[in-house]
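First up is the structure itself, then whatever we jot down about it.
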Amino acid sequence: MRKYILPILVITGLLTVKETLAGNPDRAGGAGATQLLINPYGRSAGLMGSNTASVRGIESFQFNIAGLAYTPKTDIGYSRTVYLSGTDIFINNFSLVQHLGSGNVLGLVFNQFDYGDIPITTESQPDGTLGSYSPQVLNIGLAYAKQFSNSITGGIDVRVVSEGATNVSATGVSLGFGVQYQTSINQKMKYVKKEDFRFGIAIKNLGPSMRYSGSGLSYRALNPITGADRRSYMGAEPFELPSLVHIGVSYDMRLDKKDTISYNHRLTPHFNFNYNSFSSNVVALGLEYAFKETVMLRAGYGYQDDVTSSTEYQTQYFGFSAGAGFVLPISKSGTRISIDYAYAPTRVFNGVHNIGVALLLGDRK
C-alpha cells in the first residue's frame with residue numbers, strides 16, 4: 001500500500017492545481033488573510049522559499065508540512081521578522097514539534113503580527129488625540145506528519161486564522177497538506193549517496209471564505225441642521241483565502257572526493273514552482289552550501305511577471321535573498337542549537353530581515 005501513497009498524493013495535488021489555476025493576476029488583491037503568505041523562517045527565507053522538496057523541522061509549517069516527519073525527537077524554535085524595515089512591523093513565530101514514535105510527528109505553531117500602537121483618528125479629531133489601537137493578526141496551527149518509509153513522508157495541518165481591530169474582526173480556518181519523496185539509503189552499497197534527490201508537493205491555505213463583522217462596521221451621523229440621529233451599518237463582503245500549490249525539487253551535490261557516507265562539503269540547488277490563485281505564479285531558485293552541516297550559506301531568486309519592471313511590478317520584492325546559518329552541538333546525545341538569518345531587499349522601506357533560533361533534540365545522522 002505504501003508504494004501507492006506518493007502517486008495518489010501527487011495526482012490529488014495536480015487535480016487541485018486545476019482549481020487553483022482558475023485564478024490569475026487579474027484577481028490580485030481579491031484574497032484576504034495574506035499574512036499566511038509571509039515567511040517568518042530564516043533558512044527558507046534565505047532560499048526565497050525554494051526548498052519545498054527538502055524543508056525539514058519547524059520550517060515545514062510554511063512550505064511543506066511533510067518535512068515535519070523527519071524530526072527525530074523534539075524541535076523548539078522562535079523567530080522574529082522585521083517586515084519592511086522602517087514600518088515598525090514585526091512578526092513573532094513560535095514552533096514546537098514532537099516525535100511520537102513509529103514515524104508519527106505532531107507540531108504546533110503560533111504566528112503573531114506586531115504593528116505597535118496606531119493613533120486613533122476621526123473626521124472631527126484627525127490629530128490622533130483619542131488614544132491608540134493595535135491591530136490583532138495571528139494564526140495558530142496544529143499539524144500531523146508521518147514517515148511512511150525511508151523515502152516517503154506526508155502531512156496535514158490546520159490553522160485558525162484571526163485578524164481585526166478593537167471592534168471589527170474576521171476568523172477562519174485554513175487547511176494544507178503535503179508530501180515529500182527522497183532517494184532512500186541502500187546500506188548494501190559500498191558508496192552511499194545519502195538523500196541525493198528530493199521531490200515535494202504541498203497545497204496550502206484551503207478553506208471557507210472569511211468575513212469581517214463587529215460594531216466597527218456601523219456608523220453614526222448627527223444632522224447638524226435637523227438634529228436627526230442616524231445610524232447605518234456597512235455590510236462586509238466575504239473574501240477567500242490565498243490558496244496556492246508548491247511543487248519543488250532539490251539535489252544534494254557532494255563536493256568531497258572520498259567515497260564515504262560522511263562528507264564535509266555539500267552544495268544543494270533548489271527549484272520551486274508556485275501556483276497562486278490570486279497573483280502571478282512564481283518560479284524560485286535557491287542554492288545552499290554547507291560545511292559539515294554546521295555552517296551554511298544561502299542565496300535565492302524568485303521570478304514573477306514584471307518583477308524586473310520599475311513600473312509594472314506586482315510584488316515589493318526585487319526577487320533576491322541571501323542568508324546564513326549555524327548549527328552548534330551542545331551535547332553528545334545530538335542536541336544542537338540552530339541560528340539562521342536572511343535578508344531580502346524591497347522596493348519600499350528597507351527590506352525584510354528574518355532571524356530564528358531553534359533547539360534541536362535527537363540524533364539527525
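The way I read the labels, and the way they are meant: chains A, B, ... in the order of the C-alpha cells, residue 1 as the first residue of every chain, and ligand 1 as the first ligand shown, with later ones counted on from there.
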Practice problem: Might you pull out every residue within 10 Å of Gln112 (chain A), with only C-alpha atoms counted and same-chain residues fewer than 5 positions away left off, and present them as number ranges by chain? | Solution: A: 35, 80, 90-94, 136-140, 162-163
Produce a file of the selected residues containing C-alpha atoms, as a CSV table (one decimal), in the first residue's frame.
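Here's the written file again17.csv:
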chain,number,residue,atom,x,y,z
A,35,GLN,CA,-0.3,37.1,6.2
A,80,ARG,CA,11.3,37.3,14.7
A,90,PHE,CA,7.4,42.7,13.4
A,91,ILE,CA,6.3,39.0,13.2
A,92,ASN,CA,6.8,36.7,16.1
A,93,ASN,CA,6.7,33.0,15.5
A,94,PHE,CA,6.9,30.1,17.9
A,136,GLN,CA,-4.6,41.8,16.1
A,137,VAL,CA,-3.4,39.5,13.4
A,138,LEU,CA,-2.4,35.9,14.3
A,139,ASN,CA,-2.8,32.3,13.4
A,140,ILE,CA,-2.5,29.1,15.4
A,162,SER,CA,-7.8,35.6,13.1
A,163,GLU,CA,-7.4,39.3,12.2
Which polymer residues have any atom within 10 Å of an atom of region 64-69 of chain A, counting only C-alpha atoms, with same-chain residues fewer than 3 positions away left out, as a PyMOL selection string?
-> chain A and resi 51-61+72+75+97-99+103-107+143-148+152-157+176-181+200-204+245-248
*asked:* Which residues are near Arg298 (chain A)? Cut-off 8 Å, only C-alpha atoms, ignore same chain within fewer than 4 positions. Put them as a list in words.
replied: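 These residues fall inside the cut-off: Arg43, Gly46, Leu47, Gly286, Leu287, Glu288, Tyr289, Ala322, Gly323 and Ala324 of chain A.
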Generate a file of the selected residues that holds N, CA, C and O atoms, formatted as an mmCIF file, in the first residue's frame.
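again_33.cif, freshly written:
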data_model
loop_
_atom_site.group_PDB
_atom_site.id
_atom_site.type_symbol
_atom_site.label_atom_id
_atom_site.label_comp_id
_atom_site.auth_asym_id
_atom_site.auth_seq_id
_atom_site.Cartn_x
_atom_site.Cartn_y
_atom_site.Cartn_z
ATOM 1 N N ARG A 43 15.923 30.138 7.376
ATOM 2 C CA ARG A 43 16.578 29.307 6.368
ATOM 3 C C ARG A 43 15.862 29.384 5.025
ATOM 4 O O ARG A 43 16.473 29.649 3.990
ATOM 5 N N GLY A 46 16.153 32.726 3.220
ATOM 6 C CA GLY A 46 17.412 32.913 2.509
ATOM 7 C C GLY A 46 17.428 32.235 1.161
ATOM 8 O O GLY A 46 18.165 32.634 0.261
ATOM 9 N N LEU A 47 16.579 31.193 0.994
ATOM 10 C CA LEU A 47 16.472 30.472 -0.268
ATOM 11 C C LEU A 47 15.282 30.945 -1.096
ATOM 12 O O LEU A 47 14.924 30.329 -2.092
ATOM 13 N N GLY A 286 17.064 28.400 -5.566
ATOM 14 C CA GLY A 286 17.869 28.599 -4.378
ATOM 15 C C GLY A 286 19.137 27.771 -4.430
ATOM 16 O O GLY A 286 19.207 26.748 -5.124
ATOM 17 N N LEU A 287 20.158 28.200 -3.695
ATOM 18 C CA LEU A 287 21.421 27.481 -3.636
ATOM 19 C C LEU A 287 21.943 27.552 -2.210
ATOM 20 O O LEU A 287 22.035 28.634 -1.622
ATOM 21 N N GLU A 288 22.284 26.384 -1.659
ATOM 22 C CA GLU A 288 22.792 26.318 -0.285
ATOM 23 C C GLU A 288 24.100 25.544 -0.242
ATOM 24 O O GLU A 288 24.191 24.430 -0.758
ATOM 25 N N TYR A 289 25.103 26.150 0.385
ATOM 26 C CA TYR A 289 26.373 25.474 0.628
ATOM 27 C C TYR A 289 26.482 25.186 2.113
ATOM 28 O O TYR A 289 26.202 26.058 2.952
ATOM 29 N N ALA A 322 19.276 36.415 0.518
ATOM 30 C CA ALA A 322 20.524 35.779 0.932
ATOM 31 C C ALA A 322 20.464 35.536 2.432
ATOM 32 O O ALA A 322 19.716 36.206 3.163
ATOM 33 N N GLY A 323 21.242 34.575 2.891
ATOM 34 C CA GLY A 323 21.226 34.275 4.314
ATOM 35 C C GLY A 323 22.352 33.352 4.718
ATOM 36 O O GLY A 323 23.132 32.880 3.883
ATOM 37 N N ALA A 324 22.429 33.082 6.012
ATOM 38 C CA ALA A 324 23.450 32.205 6.564
ATOM 39 C C ALA A 324 22.880 31.510 7.792
ATOM 40 O O ALA A 324 21.922 31.987 8.412
#
Quick one: of A:Ala358, A:Leu84, A:Ala344, A:Val249, who's nearest to Phe326 (chain A), counting only C-alpha atoms?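 Residue with the minimum atom-to-atom distance to Phe326 (chain A): A:Ala358.
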Option closest in space to Gly32 (chain A), from A:Phe63, A:Tyr233, A:Phe278, A:Phe197 [counting only C-alpha atoms]: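 Result for the nearest residue to Gly32 (chain A): A:Phe278.
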Ala284 (chain A) proximity check over A:Leu175, A:Ala299, A:Val109, A:Val357, using only C-alpha atoms: winner is A:Ala299
